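Novice: File my_file-v3.pdb follows (PDB, C-alpha atoms):
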ATOM      1  CA  MET X1072       0.000   0.000   0.000
ATOM      2  CA  SER X1073       1.386   3.379  -0.983
ATOM      3  CA  PHE X1074       1.496   6.318   1.443
ATOM      4  CA  THR X1075      -1.143   8.061  -0.682
ATOM      5  CA  GLU X1076      -3.558   5.161  -0.275
ATOM      6  CA  PHE X1077      -2.816   4.925   3.459
ATOM      7  CA  SER X1078      -3.182   8.667   4.109
ATOM      8  CA  TYR X1079      -6.441   8.915   2.105
ATOM      9  CA  GLN X1080      -8.265   6.979   4.819
ATOM     10  CA  LEU X1081      -6.902   9.290   7.521
ATOM     11  CA  VAL X1082      -7.776  12.428   5.562
ATOM     12  CA  GLN X1083     -11.327  11.259   4.847
ATOM     13  CA  GLY X1084     -11.822  10.301   8.483
ATOM     14  CA  THR X1085     -10.573  13.706   9.647
ATOM     15  CA  ASP X1086     -12.842  15.376   7.120
ATOM     16  CA  PHE X1087     -15.855  13.527   8.566
ATOM     17  CA  LEU X1088     -14.854  14.679  12.055
ATOM     18  CA  PHE X1089     -14.659  18.291  10.857
ATOM     19  CA  LEU X1090     -18.098  18.064   9.236
ATOM     20  CA  TYR X1091     -19.509  16.486  12.400
ATOM     21  CA  ASN X1092     -18.101  19.211  14.673
ATOM     22  CA  ASN X1093     -18.881  22.186  12.469
ATOM     23  CA  TYR X1094     -22.008  21.216  10.538
ATOM     24  CA  ASN X1095     -23.568  18.481  12.671
ATOM     25  CA  CYS X1096     -23.070  16.017   9.803
ATOM     26  CA  ARG X1097     -23.845  12.522  11.127
ATOM     27  CA  LEU X1098     -24.161  10.431   7.973
ATOM     28  CA  GLN X1099     -21.680   9.819   5.169
ATOM     29  CA  MET X1100     -22.789   7.881   2.098
ATOM     30  CA  GLY X1101     -20.753   6.316  -0.679
ATOM     31  CA  GLY X1102     -20.015   3.287  -2.791
ATOM     32  CA  SER X1103     -19.176  -0.003  -1.109
ATOM     33  CA  ASP X1104     -15.476   0.547  -1.877
ATOM     34  CA  GLN X1105     -15.579   3.537   0.513
ATOM     35  CA  TRP X1106     -16.720   1.539   3.558
ATOM     36  CA  GLY X1107     -13.312   1.471   5.251
ATOM     37  CA  ASN X1108     -12.722   5.188   4.672
ATOM     38  CA  ILE X1109     -16.139   6.137   6.055
ATOM     39  CA  VAL X1110     -16.011   3.975   9.191
ATOM     40  CA  THR X1111     -12.595   5.450   9.933
ATOM     41  CA  GLY X1112     -14.510   8.695  10.328
ATOM     42  CA  THR X1113     -17.258   7.228  12.495
ATOM     43  CA  GLU X1114     -14.658   5.652  14.795
ATOM     44  CA  LEU X1115     -12.650   8.894  14.983
ATOM     45  CA  ILE X1116     -15.812  10.787  15.902
ATOM     46  CA  ARG X1117     -16.645   8.239  18.630
ATOM     47  CA  ARG X1118     -13.180   8.423  20.153
ATOM     48  CA  LYS X1119     -12.785  12.188  19.911
ATOM     49  CA  THR X1120     -16.263  13.324  20.912
ATOM     50  CA  GLY X1121     -18.109  10.285  22.256
ATOM     51  CA  GLY X1122     -20.810  11.020  19.700
ATOM     52  CA  GLU X1123     -22.465   8.831  17.090
ATOM     53  CA  ALA X1124     -22.050   9.031  13.323
ATOM     54  CA  PHE X1125     -23.147   6.609  10.638
ATOM     55  CA  ALA X1126     -21.988   5.063   7.363
ATOM     56  CA  LEU X1127     -24.268   4.069   4.516
ATOM     57  CA  THR X1128     -22.914   2.398   1.377
ATOM     58  CA  CYS X1129     -24.479   0.888  -1.718
ATOM     59  CA  PRO X1130     -23.119  -1.653  -4.210
ATOM     60  CA  LEU X1131     -20.561  -0.045  -6.483
ATOM     61  CA  ILE X1132     -21.905   0.845  -9.901
ATOM     62  CA  THR X1133     -19.584  -0.459 -12.587
ATOM     63  CA  LYS X1134     -19.527  -0.602 -16.363
ATOM     64  CA  SER X1135     -19.484  -3.855 -18.309
ATOM     65  CA  ASP X1136     -15.683  -3.737 -18.524
ATOM     66  CA  GLY X1137     -15.463  -3.701 -14.726
ATOM     67  CA  THR X1138     -14.354  -0.078 -14.325
ATOM     68  CA  LYS X1139     -16.084   2.218 -11.859
ATOM     69  CA  PHE X1140     -18.885   4.524 -12.942
ATOM     70  CA  GLY X1141     -17.532   7.766 -11.482
ATOM     71  CA  LYS X1142     -16.165  11.191 -12.242
ATOM     72  CA  THR X1143     -12.550  10.050 -11.897
ATOM     73  CA  GLU X1144     -12.929   7.485 -14.676
ATOM     74  CA  SER X1145     -12.629   8.466 -18.337
ATOM     75  CA  GLY X1146     -15.669   8.594 -20.576
ATOM     76  CA  ASN X1147     -18.202   9.577 -17.937
ATOM     77  CA  VAL X1148     -20.609  12.479 -17.725
ATOM     78  CA  TRP X1149     -21.376  15.519 -15.581
ATOM     79  CA  LEU X1150     -24.835  16.795 -14.678
ATOM     80  CA  ASP X1151     -23.645  20.351 -15.314
ATOM     81  CA  PRO X1152     -24.511  21.241 -18.960
ATOM     82  CA  VAL X1153     -21.405  23.426 -19.124
ATOM     83  CA  LYS X1154     -19.189  20.372 -18.566
ATOM     84  CA  THR X1155     -21.343  17.860 -20.479
ATOM     85  CA  THR X1156     -23.846  19.291 -22.956
ATOM     86  CA  PRO X1157     -27.332  17.734 -23.104
ATOM     87  CA  TYR X1158     -26.358  16.271 -26.488
ATOM     88  CA  GLN X1159     -23.203  14.624 -25.065
ATOM     89  CA  PHE X1160     -25.213  13.485 -22.043
ATOM     90  CA  TYR X1161     -27.877  11.896 -24.271
ATOM     91  CA  GLN X1162     -25.236  10.258 -26.467
ATOM     92  CA  PHE X1163     -23.492   8.735 -23.440
ATOM     93  CA  TRP X1164     -26.583   6.772 -22.409
ATOM     94  CA  LEU X1165     -27.529   5.967 -25.996
ATOM     95  CA  ASN X1166     -24.163   4.310 -26.597
ATOM     96  CA  VAL X1167     -23.840   2.109 -23.511
ATOM     97  CA  SER X1168     -23.637  -1.634 -24.067
ATOM     98  CA  ASP X1169     -26.688  -3.909 -23.907
ATOM     99  CA  GLU X1170     -25.454  -5.304 -20.597
ATOM    100  CA  ASP X1171     -25.007  -1.857 -19.063
ATOM    101  CA  ALA X1172     -28.347  -0.598 -20.424
ATOM    102  CA  ALA X1173     -30.187  -3.486 -18.758
ATOM    103  CA  LYS X1174     -28.535  -2.572 -15.441
ATOM    104  CA  TYR X1175     -28.621   1.224 -15.654
ATOM    105  CA  ILE X1176     -32.300   1.456 -16.554
ATOM    106  CA  LYS X1177     -33.070  -0.122 -13.162
ATOM    107  CA  ILE X1178     -30.718   2.203 -11.292
ATOM    108  CA  PHE X1179     -31.001   5.595 -12.965
ATOM    109  CA  THR X1180     -34.703   5.746 -13.942
ATOM    110  CA  ILE X1181     -37.924   5.565 -11.954
ATOM    111  CA  LEU X1182     -39.676   3.287 -14.439
ATOM    112  CA  ASP X1183     -41.735   0.556 -12.770
ATOM    113  CA  ARG X1184     -40.734  -3.093 -12.831
ATOM    114  CA  ASN X1185     -43.340  -4.183 -15.407
ATOM    115  CA  THR X1186     -42.292  -1.441 -17.824
ATOM    116  CA  ILE X1187     -38.619  -2.372 -17.529
ATOM    117  CA  GLU X1188     -39.339  -6.069 -18.017
ATOM    118  CA  ASP X1189     -41.421  -5.290 -21.114
ATOM    119  CA  LEU X1190     -38.677  -3.053 -22.533
ATOM    120  CA  THR X1191     -36.058  -5.723 -21.842
ATOM    121  CA  LEU X1192     -38.136  -8.400 -23.580
ATOM    122  CA  ARG X1193     -38.665  -6.208 -26.656
ATOM    123  CA  HIS X1194     -34.988  -5.262 -26.699
ATOM    124  CA  ASN X1195     -33.862  -8.905 -26.566
ATOM    125  CA  GLU X1196     -36.148  -9.733 -29.494
ATOM    126  CA  ASN X1197     -34.652  -6.937 -31.629
ATOM    127  CA  PRO X1198     -31.337  -5.834 -30.068
ATOM    128  CA  GLN X1199     -30.342  -3.922 -33.200
ATOM    129  CA  GLU X1200     -33.097  -1.400 -32.450
ATOM    130  CA  ARG X1201     -31.435  -0.536 -29.098
ATOM    131  CA  ILE X1202     -34.785  -0.119 -27.349
ATOM    132  CA  LEU X1203     -33.287  -0.149 -23.856
ATOM    133  CA  GLN X1204     -30.628   2.425 -24.697
ATOM    134  CA  LYS X1205     -33.123   4.780 -26.335
ATOM    135  CA  LYS X1206     -35.528   4.658 -23.401
ATOM    136  CA  LEU X1207     -32.701   4.993 -20.872
ATOM    137  CA  ALA X1208     -31.289   8.020 -22.717
ATOM    138  CA  GLU X1209     -34.738   9.617 -22.938
ATOM    139  CA  GLU X1210     -35.634   9.142 -19.277
ATOM    140  CA  VAL X1211     -32.317  10.302 -17.826
ATOM    141  CA  THR X1212     -31.893  13.275 -20.183
ATOM    142  CA  ILE X1213     -35.389  14.560 -19.393
ATOM    143  CA  MET X1214     -34.843  14.007 -15.666
ATOM    144  CA  VAL X1215     -31.494  15.815 -15.532
ATOM    145  CA  HIS X1216     -32.104  18.478 -18.184
ATOM    146  CA  SER X1217     -35.572  18.918 -19.738
ATOM    147  CA  PRO X1218     -37.936  17.528 -22.404
ATOM    148  CA  GLU X1219     -36.797  20.370 -24.685
ATOM    149  CA  ASP X1220     -33.150  19.426 -24.257
ATOM    150  CA  PHE X1221     -34.020  15.801 -24.999
ATOM    151  CA  GLU X1222     -35.795  16.755 -28.233
ATOM    152  CA  SER X1223     -32.865  18.967 -29.199
ATOM    153  CA  ALA X1224     -30.429  16.108 -28.551
ATOM    154  CA  VAL X1225     -32.490  13.740 -30.714
ATOM    155  CA  ASP X1226     -32.606  16.297 -33.533
ATOM    156  CA  ALA X1227     -28.861  16.847 -33.248
ATOM    157  CA  SER X1228     -28.262  13.092 -33.399
ATOM    158  CA  GLN X1229     -30.069  12.918 -36.725
ATOM    159  CA  ILE X1230     -27.711  15.407 -38.332
ATOM    160  CA  LEU X1231     -24.877  12.929 -38.814
ATOM    161  CA  PHE X1232     -27.241  10.342 -40.304
ATOM    162  CA  GLY X1233     -28.433  12.620 -43.095
ATOM    163  CA  LYS X1234     -31.816  13.443 -41.579
ATOM    164  CA  GLY X1235     -30.983  16.951 -40.377
ATOM    165  CA  THR X1236     -32.137  20.177 -41.982
ATOM    166  CA  THR X1237     -30.950  23.757 -42.071
ATOM    167  CA  ASP X1238     -33.726  24.648 -39.625
ATOM    168  CA  SER X1239     -32.565  22.016 -37.130
ATOM    169  CA  LEU X1240     -29.017  23.337 -37.415
ATOM    170  CA  ARG X1241     -30.165  26.894 -36.746
ATOM    171  CA  LYS X1242     -32.091  25.806 -33.656
ATOM    172  CA  MET X1243     -28.989  24.309 -32.035
ATOM    173  CA  THR X1244     -27.084  26.175 -29.386
ATOM    174  CA  GLU X1245     -23.444  26.769 -30.209
ATOM    175  CA  SER X1246     -22.307  24.286 -27.551
ATOM    176  CA  THR X1247     -24.529  21.531 -28.961
ATOM    177  CA  PHE X1248     -23.479  22.339 -32.514
ATOM    178  CA  LEU X1249     -19.791  22.075 -31.591
ATOM    179  CA  SER X1250     -20.440  18.861 -29.656
ATOM    180  CA  VAL X1251     -22.031  17.233 -32.705
ATOM    181  CA  PHE X1252     -19.129  18.172 -34.956
ATOM    182  CA  GLU X1253     -16.332  17.758 -32.460
ATOM    183  CA  GLY X1254     -13.174  16.623 -34.211
ATOM    184  CA  VAL X1255     -14.088  17.622 -37.787
ATOM    185  CA  PRO X1256     -11.583  19.823 -39.682
ATOM    186  CA  VAL X1257     -12.054  23.541 -39.015
ATOM    187  CA  PHE X1258     -11.013  26.412 -41.276
ATOM    188  CA  ASP X1259     -10.842  29.941 -39.866
ATOM    189  CA  LEU X1260     -11.719  32.793 -42.228
ATOM    190  CA  LYS X1261     -11.735  36.505 -41.614
ATOM    191  CA  LYS X1262     -15.132  38.144 -41.719
ATOM    192  CA  GLU X1263     -13.961  40.448 -44.513
ATOM    193  CA  ILE X1264     -14.113  37.452 -46.854
ATOM    194  CA  ILE X1265     -17.670  36.414 -46.057
ATOM    195  CA  LEU X1266     -19.394  39.762 -45.436
ATOM    196  CA  PRO X1267     -19.442  41.062 -49.035
ATOM    197  CA  GLY X1268     -20.245  37.559 -50.285
ATOM    198  CA  VAL X1269     -18.069  34.829 -51.790
ATOM    199  CA  THR X1270     -18.812  32.091 -54.320
ATOM    200  CA  VAL X1271     -19.023  28.489 -53.199
ATOM    201  CA  ALA X1272     -16.116  27.673 -55.529
ATOM    202  CA  ASP X1273     -13.844  30.322 -54.004
ATOM    203  CA  LEU X1274     -14.949  29.478 -50.480
ATOM    204  CA  CYS X1275     -14.192  25.761 -50.742
ATOM    205  CA  ALA X1276     -11.257  25.652 -53.156
ATOM    206  CA  LEU X1277      -9.496  29.007 -52.786
ATOM    207  CA  HIS X1278      -9.958  30.248 -49.218
ATOM    208  CA  THR X1279      -9.949  26.737 -47.726
ATOM    209  CA  ASP X1280      -8.533  23.325 -48.666
ATOM    210  CA  ILE X1281     -11.837  21.460 -48.628
ATOM    211  CA  PHE X1282     -11.317  20.816 -52.366
ATOM    212  CA  ILE X1283      -7.950  20.657 -54.076
ATOM    213  CA  SER X1284      -9.384  22.415 -57.142
ATOM    214  CA  LYS X1285     -12.513  24.058 -58.460
ATOM    215  CA  GLY X1286     -12.740  21.273 -61.017
ATOM    216  CA  GLU X1287     -13.052  18.662 -58.262
ATOM    217  CA  LEU X1288     -15.726  20.801 -56.611
ATOM    218  CA  ARG X1289     -17.741  21.147 -59.836
ATOM    219  CA  ARG X1290     -17.635  17.391 -60.444
ATOM    220  CA  LEU X1291     -18.963  16.692 -56.950
ATOM    221  CA  ILE X1292     -21.718  19.281 -57.358
ATOM    222  CA  GLN X1293     -22.777  17.643 -60.622
ATOM    223  CA  GLY X1294     -23.079  14.363 -58.747
ATOM    224  CA  GLY X1295     -25.190  15.989 -56.001
ATOM    225  CA  GLY X1296     -22.521  15.468 -53.373
ATOM    226  CA  LEU X1297     -22.030  18.936 -51.857
ATOM    227  CA  SER X1298     -24.156  20.544 -49.171
ATOM    228  CA  ILE X1299     -23.739  23.710 -47.134
ATOM    229  CA  ASN X1300     -25.707  23.820 -43.880
ATOM    230  CA  LYS X1301     -27.549  20.679 -45.067
ATOM    231  CA  GLU X1302     -28.768  22.352 -48.278
ATOM    232  CA  LYS X1303     -27.703  20.815 -51.591
ATOM    233  CA  ILE X1304     -25.527  23.064 -53.731
ATOM    234  CA  ASN X1305     -26.246  22.995 -57.473
ATOM    235  CA  ASN X1306     -24.257  26.021 -58.588
ATOM    236  CA  PRO X1307     -20.541  26.567 -57.824
ATOM    237  CA  GLU X1308     -21.029  30.305 -58.369
ATOM    238  CA  LEU X1309     -23.709  30.578 -55.689
ATOM    239  CA  ILE X1310     -22.934  33.502 -53.373
ATOM    240  CA  ILE X1311     -22.476  32.741 -49.676
ATOM    241  CA  ASN X1312     -22.642  35.684 -47.262
ATOM    242  CA  SER X1313     -23.187  36.450 -43.591
ATOM    243  CA  GLY X1314     -26.859  35.517 -43.863
ATOM    244  CA  SER X1315     -25.818  31.900 -44.355
ATOM    245  CA  LEU X1316     -23.896  31.669 -41.081
ATOM    246  CA  LEU X1317     -25.013  29.406 -38.238
ATOM    247  CA  ASN X1318     -24.757  30.996 -34.787
ATOM    248  CA  SER X1319     -23.425  34.067 -36.650
ATOM    249  CA  LYS X1320     -20.045  32.417 -37.222
ATOM    250  CA  TYR X1321     -20.173  28.899 -38.749
ATOM    251  CA  LEU X1322     -20.744  27.219 -42.087
ATOM    252  CA  LEU X1323     -21.145  23.439 -42.242
ATOM    253  CA  ILE X1324     -19.765  21.902 -45.418
ATOM    254  CA  GLN X1325     -20.685  18.319 -46.261
ATOM    255  CA  LYS X1326     -18.577  16.633 -48.925
ATOM    256  CA  GLY X1327     -20.140  13.344 -49.942
ATOM    257  CA  LYS X1328     -22.057  11.370 -47.339
ATOM    258  CA  LYS X1329     -19.702  11.320 -44.374
ATOM    259  CA  ASN X1330     -17.077  14.062 -44.758
ATOM    260  CA  TYR X1331     -17.838  17.216 -42.785
ATOM    261  CA  PHE X1332     -15.902  20.470 -42.488
ATOM    262  CA  LEU X1333     -16.517  23.606 -40.459
ATOM    263  CA  ILE X1334     -15.718  27.113 -41.602
ATOM    264  CA  ARG X1335     -15.485  29.499 -38.660
ATOM    265  CA  ILE X1336     -15.578  33.246 -39.131
ATOM    266  CA  VAL X1337     -13.134  35.047 -36.851
TER
END
Spell out the structure here as structure tokens.

Specialist:
Amino acid sequence: MSFTEFSYQLVQGTDFLFLYNNYNCRLQMGGSDQWGNIVTGTELIRRKTGGEAFALTCPLITKSDGTKFGKTESGNVWLDPVKTTPYQFYQFWLNVSDEDAAKYIKIFTILDRNTIEDLTLRHNENPQERILQKKLAEEVTIMVHSPEDFESAVDASQILFGKGTTDSLRKMTESTFLSVFEGVPVFDLKKEIILPGVTVADLCALHTDIFISKGELRRLIQGGGLSINKEKINNPELIINSGSLLNSKYLLIQKGKKNYFLIRIV
């Protein structure tokens, strides 16, 4: 056992004593792995003050790979929308494994037993439809955020599968928009380029490297493979200006079915 591990128990016990003396805190709750740390505090309180304090633990929530479900583990979520947007929050629950979904829906929702059993049965019959994950994501997102945030997250999720529209893009908050397109290539352009208006050809092949040439761009347009803000582009000389911007600063370029690029006006 390292000194850090040894001292953690002493520090947590002392912390419980401080809370007991200064805030009349008599109960500390945690996962079952915290039992030893918590009872160190209850024993310290008994010896130092003669008073009573209590420990309450619950079985540790783990993921299917055996790792803890907690803020110190990678890939987890925060309730604060600033740290984890409603879209990211929704996506987390939507993408858990079948095994985890079957467990989490019992822990993190207030659905009754019959409803959960029915959902589980339907899910097992058609696992590819991810019925458990969808219901879990819906219930927890609405509970933590709101029905409106849930609907927005669903709409945002459709964007990458070709079902989004310009209107749905414009309804997104900037944080959600950036969450959806996290990791795609970004090109920064000065506002002087976009304000007077610029052709699609110049925008994508001259001011950015989305296309290596205007000829490549024209060929893709002829094949119906270029969209800006989810609207098909049929004319390489179409003028793009500030009225086309999303959140007053972004353009979403879709090249083919799966290649996305962001142009950000700075």

Novice: Counting all atoms listed in the file, write as a ChimeraX atom specification all protein and nucleic acid residues lying at most 12 Å from (-27.5, 34.6, -32.3) in the file's frame.

Specialist: /X:1241-1245,1314,1316-1321

Novice: Residues at most 12 Å from Thr1113 of chain X, counting all atoms listed in the file, excluding those fewer than 6 positions away in the same chain, as a list of chain:residue names?

Specialist: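 Skipping anything fewer than 6 positions along the chain leaves X:Gln1080, X:Leu1081, X:Gln1083, X:Gly1084, X:Thr1085, X:Asp1086, X:Phe1087, X:Leu1088, X:Phe1089, X:Leu1090, X:Tyr1091, X:Cys1096, X:Arg1097, X:Leu1098, X:Gln1099, X:Met1100, X:Trp1106, X:Gly1107, X:Lys1119, X:Thr1120, X:Gly1121, X:Gly1122, X:Glu1123, X:Ala1124, X:Phe1125, X:Ala1126, X:Leu1127.
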
Novice: Enumerate, as a PyMOL selection string, the residues matched when the PyMOL selection byres ((chain X and resi 1332) around 6) is run on the file above.

Specialist: chain X and resi 1255-1256+1324+1331+1333

Novice: How many Å separate atom CA of Val1215 of chain X from atom CA of Thr1180 of chain X?

Specialist: 10.7 Å

Novice: Using Å and a single decimal, report how far atom CA of Leu1203 of chain X sits from atom CA of Asn1166 of chain X.

Specialist: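 Between atom CA of Asn1166 of chain X and atom CA of Leu1203 of chain X the gap is 10.5 Å.
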
Novice: Once the PyMOL selection byres ((chain X and resi 1220) around 12) has been applied to the shown file, what residues remain in the selection, as a VMD selection string?

Specialist: chain X and resid 1152 1156 to 1161 1208 to 1219 1221 to 1227 1242 to 1244 1247

Novice: Decode the PyMOL selection byres ((chain X and resi 1175) around 10) for the given file into explicit residues and return them as a count of residues only.

Specialist: 19

Novice: Atom CA of Ile1264 of chain X and atom CA of Leu1322 of chain X are how many Å apart?

Specialist: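 Taking atom CA of Ile1264 of chain X as the start and atom CA of Leu1322 of chain X as the end point, the length is 13.1 Å.
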
Novice: I'd like the neighbourhood of Thr1128 of chain X as a list in words, where a residue qualifies if any of its atoms comes within 6 Å (using all atoms listed in the file), though same-chain residues fewer than 2 positions away should be ignored.

Specialist: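 The filter keeps Met1100, Gly1101, Gly1102 and Ser1103 of chain X.
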
Novice: Taking C-alpha atoms for each residue, export the selection above as a compact mmCIF listing (two decimals), in the frame of the given file.

Specialist:
# COMPACT_ATOMS: atom_id res chain seq x y z
CA MET X 1100 -22.79 7.88 2.10
CA GLY X 1101 -20.75 6.32 -0.68
CA GLY X 1102 -20.02 3.29 -2.79
CA SER X 1103 -19.18 0.00 -1.11

Novice: Could you give me the axis-aligned bounding box of segment 1105-1108 of chain X, with 8 Å of padding per side, as centre plus edge lengths in Å to one decimal, as JSON?

Specialist:
{"center_x": -14.7, "center_y": 3.3, "center_z": 2.9, "size_x": 20.0, "size_y": 19.7, "size_z": 20.7}
